[in-house]
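*Asks:* Mind having a look at this structure? Questions to follow.
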Amino acid sequence: MEEVVIVGAGIAGLATAVALKRVGIKALVLERWDGLRATGAALGLFPNAWLALDALGVSHKLTSIYDNVEVAFVTNLESGAIQQVPSARTNVDAQSGPKLVHRKALLEALAEELPTDSIRFSSKINAIGSITDEGSSIAVVHMEDGSVIKAKVLIGCDGVHSVVASWLGLAAPVHSGRSAVRGLAVFPQGHRLKHETHQFVGAAGRRAGFIPLTDKDLYWFLSCSSPAEGTDHLAGNPELIQKEVIENYAKDLPELYLDIVKHSDLSTLSWAPLVFRQPWKVAFGNLSKQNITVAGDAMHPMTPDLGQGGCSALEDAVALGRHIGTSFIQNGGLVPNEMARALANYVEERRWRATWLITGLYLSGWVQGGSSWVVKLFRDTIFYRFLFRKIFSINHYDCGKLPSIADEEQTGNNKKFK
Ligand SMILES: Cc1cc2nc3c(=O)[nH]c(=O)nc-3n(C[C@H](O)[C@H](O)[C@H](O)COP(=O)(O)OP(=O)(O)OC[C@H]3O[C@@H](n4cnc5c(N)ncnc54)[C@H](O)[C@@H]3O)c2cc1C
């Protein structure tokens with residue numbers, strides 16, 4: 001019997017394991033791949049993510065390597081107009097970003113906080129279930145190799161197509177009508193570009209851009225309208241992705257952008273349909289059942305507009321660590337009925353935040369990408385006047401801190417010390 005089993009060693013799974021470790025709980029992380037996977041190459045981390053990483057005690061490892069992105073230039077491909085957007089608007093201080101980091105660096109910074117035997121690779125789960133033992137719910141994990149693992153608490157951090165979310169009865173994510181390509185370009189002699197974001201917006205919701213990560217590495221991306229099916233042949237075929245971007249999707253983009261795409265490290269290229277869970281399915285869905293819950297994309301897959309999926313997965317981890325940790329410290333262990341209550345409290349803390357994030361990001365992507373008169377009318381009369389500031393403020397959310405055993409000792413809440 002494991003104390004806590006976490007499915008998935010992505011951002012949500014590793015961050016949750018770190019949060020639990022910091023409150024004294026050992027978790028077993030099950031990952032289907034044979035190592036850490038950094039699909040997507042890089043991601044933007046905003047002030048809310050840095051506050052969460054502070055609570056997890058790992059932010060210093062990354063803030064010392066990556067600089068803040070100070071300014072963004074947005075070029076309208078149709079009119080040629082270039083707009084300068086200072087990203088200082090989202091800054092709190094030099095440590096709080098926004099910063100672009102290698103996904104691998106983030107995953108490694110989290111993983112190295114954990115004991116080596118706590119992540120079990122090549123461990124795919126096929127199904128989960130629940131049994132009752134002496135009145136307490138026990139989670140049962142069925143592995144692909146036929147073995148079974150039992151746990152007092154089970155947290156599904158298994159991404160968009162989560163086995164745990166579907167066991168909870170959550171609706172499958174839906175296609176947003178757009179797909180995205182991401183990759184890393186490497187210039188061994190240095191790219192000599194300033195630390196600025198360059199974005200290009202075109203007709204029919206097409207958006208592309210690049211951002212330097214280090215003196216040698218650049219992250220580039222492109223998103224465009226695409227049917228739910230019909231582009232499947234691109235997934236897992238990096239040579240074809242690169243060719244399609246250069247010869248088709250980005251053929252009218254500046255030579256600099258095309259040159260960056262040509263310098264791609266092919267192993268980092270990925271093509272993915274952009275999906276999200278309908279916000280009302282999160283607002284009213286079963287996000288936990290007894291001692292089983294979900295976090296990260298498994299709970300709230302969202303479109304990447306404003307880059308909040310990974311940031312909010314870090315928030316989830318801290319919230320889980322706080323609710324499970326407080327109960328653990330106060331009861332001197334993981335007490336089954338108390339765990340069900342702790343997970344229910346976690347869900348209530350996260351439910352409306354996740355609902356608002358999915359809605360705000362979808363609206364932001366829809367409004368910025370649409371070219372019909374309805375979208376333009378909504379954008380000019382409602383979105384920028386009433387909604388934009390509110391949506392933009394989502395990245396200043398503070399998910400709070402983890403409880404410390406010492407604080408609970410002082411308040412006399414810890415049963416072990418009573
Ligand atoms: C184009 C694009 C750009 C983005 N940009 C940003 C950005 O700038 N900033 C940001 O914060 N977010 C961004 N995101 C969102 C971000 O990538 C995700 O929200 C984040 O990776 C979610 O992390 P996760 O750990 O929940 O899920 P995942 O990263 O998907 O991890 C899930 C893990 O579970 C494992 N797993 C799955 N099923 C099983 C199973 N059955 N058994 C065992 N293991 C399993 C997987 O192998 C994987 O390792 C972007 C997303 C896209 C698509």
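For the structure tokens, the naming scheme is as follows: chains receive sequential letters (A, B, ...) according to their order of presentation, residues are indexed from 1 within each chain, and ligands are indexed from 1 in presentation order.
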What's the 12 Å shell around Leu306 (chain A), counting only C-alpha atoms, without same-chain residues fewer than 5 positions away, as a short mmCIF file (atom, residue, chain, number, x, y, z; two decimals) with C-alpha atoms, in the first residue's frame?
*Replies:*
```
data_model
loop_
_atom_site.label_atom_id
_atom_site.label_comp_id
_atom_site.auth_asym_id
_atom_site.auth_seq_id
_atom_site.Cartn_x
_atom_site.Cartn_y
_atom_site.Cartn_z
CA LEU A 43 7.25 27.52 -21.94
CA GLY A 44 6.56 30.97 -20.58
CA LEU A 45 6.31 31.26 -16.80
CA PHE A 46 4.42 34.26 -15.42
CA SER A 87 6.00 42.96 -20.95
CA THR A 90 3.11 41.76 -16.24
CA PRO A 98 7.67 36.58 -17.46
CA CYS A 311 1.64 27.94 -14.60
CA SER A 312 -1.73 26.80 -13.24
CA LEU A 357 -8.71 30.39 -16.74
CA ILE A 358 -10.15 28.14 -19.46
CA THR A 359 -12.81 30.74 -20.32
CA GLY A 360 -10.47 33.73 -20.28
CA LEU A 361 -7.80 32.05 -22.38
CA TYR A 362 -10.29 30.76 -24.94
CA LEU A 363 -11.90 34.22 -25.23
CA SER A 364 -8.51 35.84 -25.59
CA GLY A 365 -7.50 33.45 -28.39
CA GLN A 368 -7.26 38.04 -31.09
CA PHE A 388 -8.88 42.46 -21.18
CA ILE A 391 -8.21 38.42 -18.07
CA PHE A 392 -4.65 39.70 -18.08
CA SER A 393 -4.60 39.89 -14.28
CA ILE A 394 -4.95 36.10 -14.02
CA ASN A 395 -1.21 35.73 -14.14
#
```
*Asks:* Around ligand 1, out to 6 Å and counting only C-alpha atoms and all ligand atoms, which residues are there? I want them as a ChimeraX atom specification.
*Replies:* /A:7-13,30-33,37,43-45,123-126,157-159,162,180,274,296-298,304,307-311,313
*Asks:* For those residues, write N, CA and C atoms to a file as an mmCIF file, in the first residue's frame.
*Replies:*
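Result file selection29.cif:
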```
data_model
loop_
_atom_site.group_PDB
_atom_site.id
_atom_site.type_symbol
_atom_site.label_atom_id
_atom_site.label_comp_id
_atom_site.auth_asym_id
_atom_site.auth_seq_id
_atom_site.Cartn_x
_atom_site.Cartn_y
_atom_site.Cartn_z
ATOM 1 N N VAL A 7 -0.036 9.876 -10.969
ATOM 2 C CA VAL A 7 0.125 9.342 -12.326
ATOM 3 C C VAL A 7 0.620 10.467 -13.226
ATOM 4 N N GLY A 8 1.840 10.304 -13.794
ATOM 5 C CA GLY A 8 2.371 11.296 -14.725
ATOM 6 C C GLY A 8 3.494 12.120 -14.128
ATOM 7 N N ALA A 9 4.661 12.101 -14.813
ATOM 8 C CA ALA A 9 5.802 12.903 -14.351
ATOM 9 C C ALA A 9 5.984 14.120 -15.250
ATOM 10 N N GLY A 10 4.871 14.848 -15.498
ATOM 11 C CA GLY A 10 4.955 16.133 -16.190
ATOM 12 C C GLY A 10 5.075 17.232 -15.137
ATOM 13 N N ILE A 11 4.750 18.459 -15.532
ATOM 14 C CA ILE A 11 4.886 19.590 -14.593
ATOM 15 C C ILE A 11 4.005 19.369 -13.362
ATOM 16 N N ALA A 12 2.737 19.000 -13.588
ATOM 17 C CA ALA A 12 1.805 18.852 -12.463
ATOM 18 C C ALA A 12 2.244 17.722 -11.531
ATOM 19 N N GLY A 13 2.611 16.571 -12.106
ATOM 20 C CA GLY A 13 2.954 15.402 -11.294
ATOM 21 C C GLY A 13 4.205 15.634 -10.460
ATOM 22 N N LEU A 30 4.225 7.618 -11.178
ATOM 23 C CA LEU A 30 4.266 6.606 -12.247
ATOM 24 C C LEU A 30 4.258 7.315 -13.594
ATOM 25 N N GLU A 31 5.267 7.045 -14.417
ATOM 26 C CA GLU A 31 5.363 7.717 -15.719
ATOM 27 C C GLU A 31 5.467 6.665 -16.820
ATOM 28 N N ARG A 32 4.662 6.838 -17.879
ATOM 29 C CA ARG A 32 4.634 5.809 -18.936
ATOM 30 C C ARG A 32 5.912 5.775 -19.783
ATOM 31 N N TRP A 33 6.576 6.950 -19.966
ATOM 32 C CA TRP A 33 7.786 6.971 -20.798
ATOM 33 C C TRP A 33 8.995 6.497 -19.994
ATOM 34 N N ARG A 37 9.852 13.650 -20.280
ATOM 35 C CA ARG A 37 9.540 14.095 -21.643
ATOM 36 C C ARG A 37 9.277 15.598 -21.628
ATOM 37 N N LEU A 43 8.541 26.910 -22.309
ATOM 38 C CA LEU A 43 7.247 27.522 -21.941
ATOM 39 C C LEU A 43 7.483 28.818 -21.180
ATOM 40 N N GLY A 44 6.485 29.699 -21.281
ATOM 41 C CA GLY A 44 6.562 30.970 -20.583
ATOM 42 C C GLY A 44 6.024 30.806 -19.169
ATOM 43 N N LEU A 45 6.777 31.324 -18.197
ATOM 44 C CA LEU A 45 6.313 31.263 -16.802
ATOM 45 C C LEU A 45 6.076 32.686 -16.304
ATOM 46 N N SER A 123 6.165 3.001 -16.717
ATOM 47 C CA SER A 123 5.070 2.481 -15.886
ATOM 48 C C SER A 123 3.758 3.114 -16.332
ATOM 49 N N LYS A 124 3.164 2.503 -17.340
ATOM 50 C CA LYS A 124 1.913 3.048 -17.866
ATOM 51 C C LYS A 124 0.733 2.474 -17.095
ATOM 52 N N ILE A 125 -0.204 3.344 -16.703
ATOM 53 C CA ILE A 125 -1.406 2.810 -16.071
ATOM 54 C C ILE A 125 -2.469 2.608 -17.153
ATOM 55 N N ASN A 126 -3.205 1.516 -17.025
ATOM 56 C CA ASN A 126 -4.268 1.213 -17.994
ATOM 57 C C ASN A 126 -5.628 1.623 -17.481
ATOM 58 N N CYS A 157 -2.214 13.138 -12.727
ATOM 59 C CA CYS A 157 -1.544 14.277 -13.385
ATOM 60 C C CYS A 157 -1.151 13.792 -14.769
ATOM 61 N N ASP A 158 -2.059 13.036 -15.394
ATOM 62 C CA ASP A 158 -1.734 12.317 -16.624
ATOM 63 C C ASP A 158 -2.201 13.049 -17.875
ATOM 64 N N GLY A 159 -2.250 14.372 -17.806
ATOM 65 C CA GLY A 159 -2.401 15.183 -19.006
ATOM 66 C C GLY A 159 -3.795 15.188 -19.616
ATOM 67 N N SER A 162 -6.442 12.123 -19.799
ATOM 68 C CA SER A 162 -6.253 11.482 -18.498
ATOM 69 C C SER A 162 -7.187 10.287 -18.253
ATOM 70 N N ALA A 180 -1.058 23.804 -33.123
ATOM 71 C CA ALA A 180 0.179 24.575 -32.907
ATOM 72 C C ALA A 180 1.415 23.727 -33.169
ATOM 73 N N LEU A 274 -4.970 21.987 -30.591
ATOM 74 C CA LEU A 274 -5.198 22.687 -29.321
ATOM 75 C C LEU A 274 -6.584 22.325 -28.797
ATOM 76 N N GLY A 296 -3.484 19.753 -12.986
ATOM 77 C CA GLY A 296 -2.864 20.134 -14.268
ATOM 78 C C GLY A 296 -3.826 19.906 -15.426
ATOM 79 N N ASP A 297 -3.256 19.549 -16.590
ATOM 80 C CA ASP A 297 -4.097 19.354 -17.783
ATOM 81 C C ASP A 297 -5.142 18.260 -17.577
ATOM 82 N N ALA A 298 -4.904 17.334 -16.678
ATOM 83 C CA ALA A 298 -5.895 16.284 -16.428
ATOM 84 C C ALA A 298 -7.183 16.910 -15.879
ATOM 85 N N PRO A 304 -3.486 27.572 -25.296
ATOM 86 C CA PRO A 304 -2.259 28.168 -24.750
ATOM 87 C C PRO A 304 -2.207 29.697 -24.786
ATOM 88 N N GLY A 307 -0.442 31.588 -22.199
ATOM 89 C CA GLY A 307 0.483 30.640 -21.573
ATOM 90 C C GLY A 307 0.232 30.373 -20.100
ATOM 91 N N GLN A 308 -0.892 29.736 -19.776
ATOM 92 C CA GLN A 308 -1.223 29.530 -18.362
ATOM 93 C C GLN A 308 -1.376 28.061 -17.946
ATOM 94 N N GLY A 309 -1.355 27.118 -18.907
ATOM 95 C CA GLY A 309 -1.579 25.713 -18.543
ATOM 96 C C GLY A 309 -0.556 25.190 -17.547
ATOM 97 N N GLY A 310 0.724 25.407 -17.853
ATOM 98 C CA GLY A 310 1.795 24.934 -16.965
ATOM 99 C C GLY A 310 1.826 25.738 -15.678
ATOM 100 N N CYS A 311 1.626 27.068 -15.798
ATOM 101 C CA CYS A 311 1.640 27.935 -14.599
ATOM 102 C C CYS A 311 0.556 27.479 -13.620
ATOM 103 N N ALA A 313 -0.800 24.533 -13.442
ATOM 104 C CA ALA A 313 -0.483 23.198 -12.907
ATOM 105 C C ALA A 313 0.397 23.343 -11.656
#
```
*Asks:* Counting only C-alpha atoms, which of A:Leu269, A:Leu100, A:Val181, A:Ile241 gets nearest to Ile211 (chain A)?
*Replies:*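 Of all the options, A:Leu100 lies closest to Ile211 (chain A).
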*Asks:* Can you work out which one of A:Asn291, A:Gln242, A:Asn345, A:Gln189 has the shortest atom-to-atom distance to Lys152 (chain A), counting only C-alpha atoms?
*Replies:* A:Asn291
*Asks:* Can you pull out the residues contacting region 229-238 of chain A? Cut-off 12 Å, using only C-alpha atoms, and skip same-chain residues under 2 positions away; I want them as number ranges by chain.
*Replies:* A: 39, 175-184, 224-227, 240-245, 261-262, 264-274
*Asks:* Create the file for the chosen residues now, containing C-alpha atoms and written as a PDB file, in the first residue's frame.
*Replies:*
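The resulting again08.pdb:
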```pdb
ATOM      1  CA  THR A  39       7.320  17.947 -25.443  1.00  0.00           C
ATOM      2  CA  HIS A 175     -10.889  20.615 -30.241  1.00  0.00           C
ATOM      3  CA  SER A 176     -10.562  24.418 -30.420  1.00  0.00           C
ATOM      4  CA  GLY A 177     -10.319  24.496 -34.223  1.00  0.00           C
ATOM      5  CA  ARG A 178      -6.617  25.382 -34.031  1.00  0.00           C
ATOM      6  CA  SER A 179      -3.297  23.505 -33.956  1.00  0.00           C
ATOM      7  CA  ALA A 180       0.179  24.575 -32.907  1.00  0.00           C
ATOM      8  CA  VAL A 181       3.758  23.776 -33.869  1.00  0.00           C
ATOM      9  CA  ARG A 182       6.604  24.360 -31.438  1.00  0.00           C
ATOM     10  CA  GLY A 183      10.334  23.868 -31.657  1.00  0.00           C
ATOM     11  CA  LEU A 184      13.782  24.864 -30.544  1.00  0.00           C
ATOM     12  CA  CYS A 224      -3.272  28.290 -37.125  1.00  0.00           C
ATOM     13  CA  SER A 225      -6.824  27.169 -37.828  1.00  0.00           C
ATOM     14  CA  SER A 226      -6.983  23.495 -38.562  1.00  0.00           C
ATOM     15  CA  PRO A 227      -9.629  20.814 -38.651  1.00  0.00           C
ATOM     16  CA  LEU A 240       7.487  17.030 -42.498  1.00  0.00           C
ATOM     17  CA  ILE A 241       6.504  19.603 -39.839  1.00  0.00           C
ATOM     18  CA  GLN A 242       9.569  21.715 -40.687  1.00  0.00           C
ATOM     19  CA  LYS A 243       8.907  21.436 -44.449  1.00  0.00           C
ATOM     20  CA  GLU A 244       5.207  22.321 -44.071  1.00  0.00           C
ATOM     21  CA  VAL A 245       6.000  25.376 -41.919  1.00  0.00           C
ATOM     22  CA  VAL A 261      12.781  27.366 -38.349  1.00  0.00           C
ATOM     23  CA  LYS A 262      15.539  25.989 -40.611  1.00  0.00           C
ATOM     24  CA  SER A 264      15.480  23.657 -35.640  1.00  0.00           C
ATOM     25  CA  ASP A 265      16.692  20.770 -33.558  1.00  0.00           C
ATOM     26  CA  LEU A 266      14.324  18.261 -35.191  1.00  0.00           C
ATOM     27  CA  SER A 267      14.023  16.196 -32.008  1.00  0.00           C
ATOM     28  CA  THR A 268      12.189  19.128 -30.383  1.00  0.00           C
ATOM     29  CA  LEU A 269       9.543  19.733 -33.068  1.00  0.00           C
ATOM     30  CA  SER A 270       5.952  18.915 -32.190  1.00  0.00           C
ATOM     31  CA  TRP A 271       2.577  19.464 -33.804  1.00  0.00           C
ATOM     32  CA  ALA A 272      -0.526  19.319 -31.625  1.00  0.00           C
ATOM     33  CA  PRO A 273      -4.216  20.110 -31.978  1.00  0.00           C
ATOM     34  CA  LEU A 274      -5.198  22.687 -29.321  1.00  0.00           C
TER      35      LEU A 274
END
```
*Asks:* Determine, counting only C-alpha atoms, which protein, DNA and RNA residues have an atom within 8 Å of an atom of Ser137 (chain A); residues of the same chain fewer than 4 positions away are not included. Present the result as number ranges by chain.
*Replies:* A: 130-133, 152, 290-291, 336
*Asks:* Restrict the selected residues to C-alpha atoms and save them as a tab-separated table (two decimals), in the first residue's frame.
*Replies:*
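Resulting contents of again10.tsv:
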```tsv
chain	number	residue	atom	x	y	z
A	130	SER	CA	-11.64	1.96	-5.95
A	131	ILE	CA	-12.33	-0.61	-3.22
A	132	THR	CA	-13.54	-0.23	0.34
A	133	ASP	CA	-11.51	-1.75	3.15
A	152	LYS	CA	-4.41	5.81	0.18
A	290	GLN	CA	-13.23	10.15	-2.11
A	291	ASN	CA	-9.43	9.84	-2.18
A	336	PRO	CA	-8.76	8.14	4.84
```
*Asks:* Considering only C-alpha atoms, return as a PyMOL selection string whatever protein or nucleic-acid residues lie within 8 Å of Ala19 (chain A), sequence-local ones (same chain, fewer than 5 positions apart) excluded.
*Replies:* chain A and resi 56+317-318+320-322+402
*Asks:* So that I have them on file, write out the residues from the current selection with N, CA and C atoms, as a compact mmCIF listing (two decimals), in the first residue's frame.
*Replies:*
```
# COMPACT_ATOMS: atom_id res chain seq x y z
N LEU A 56 7.49 26.02 -3.64
CA LEU A 56 8.06 24.67 -3.79
C LEU A 56 9.57 24.66 -3.53
N ALA A 317 -0.40 22.19 -7.69
CA ALA A 317 0.51 21.39 -6.86
C ALA A 317 0.62 21.99 -5.46
N VAL A 318 0.74 23.33 -5.39
CA VAL A 318 0.89 23.97 -4.08
C VAL A 318 -0.42 23.82 -3.29
N LEU A 320 -2.64 21.43 -3.57
CA LEU A 320 -2.74 20.03 -3.11
C LEU A 320 -1.84 19.81 -1.90
N GLY A 321 -0.60 20.31 -2.00
CA GLY A 321 0.35 20.14 -0.89
C GLY A 321 -0.19 20.77 0.38
N ARG A 322 -0.86 21.92 0.24
CA ARG A 322 -1.37 22.60 1.43
C ARG A 322 -2.52 21.82 2.07
N LEU A 402 2.98 26.55 1.46
CA LEU A 402 2.77 25.22 2.04
C LEU A 402 2.82 25.32 3.55
```
*Asks:* Calculate how many Å separate CA of Phe276 (chain A) from CA of Arg341 (chain A), rounding to one decimal.
*Replies:*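 Result for CA of Phe276 (chain A) versus CA of Arg341 (chain A): 27.7 Å, one decimal.
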*Asks:* Would you compute the distance between CA of His142 (chain A) and CA of Asp117 (chain A)? Give it in Å to one decimal.
*Replies:*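 Between these atoms lies a distance of 19.7 Å.
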*Asks:* Could you give me the residues within region 4-124 of chain A that DSSP places in strand (DSSP E or B), as an MDAnalysis selection string?
*Replies:* chainID A and resid 4:7 27:30 42:45 68 71:76 82:86 99:102 119:120
*Asks:* Looking at A:Ser372, A:Val160, A:Leu314, A:Thr75, which one is nearest to Leu51 (chain A), with distances taken over only C-alpha atoms?
*Replies:*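 Of A:Ser372, A:Val160, A:Leu314, A:Thr75, the one nearest Leu51 (chain A) is A:Leu314, counting only C-alpha atoms.
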*Asks:* Please identify the alpha helix (DSSP H) residues within region 235-320 of chain A (assignment by DSSP from backbone atoms) and present them as an NGL selection string.
*Replies:* :A and (238-244 or 255-262 or 279-284 or 309-320)
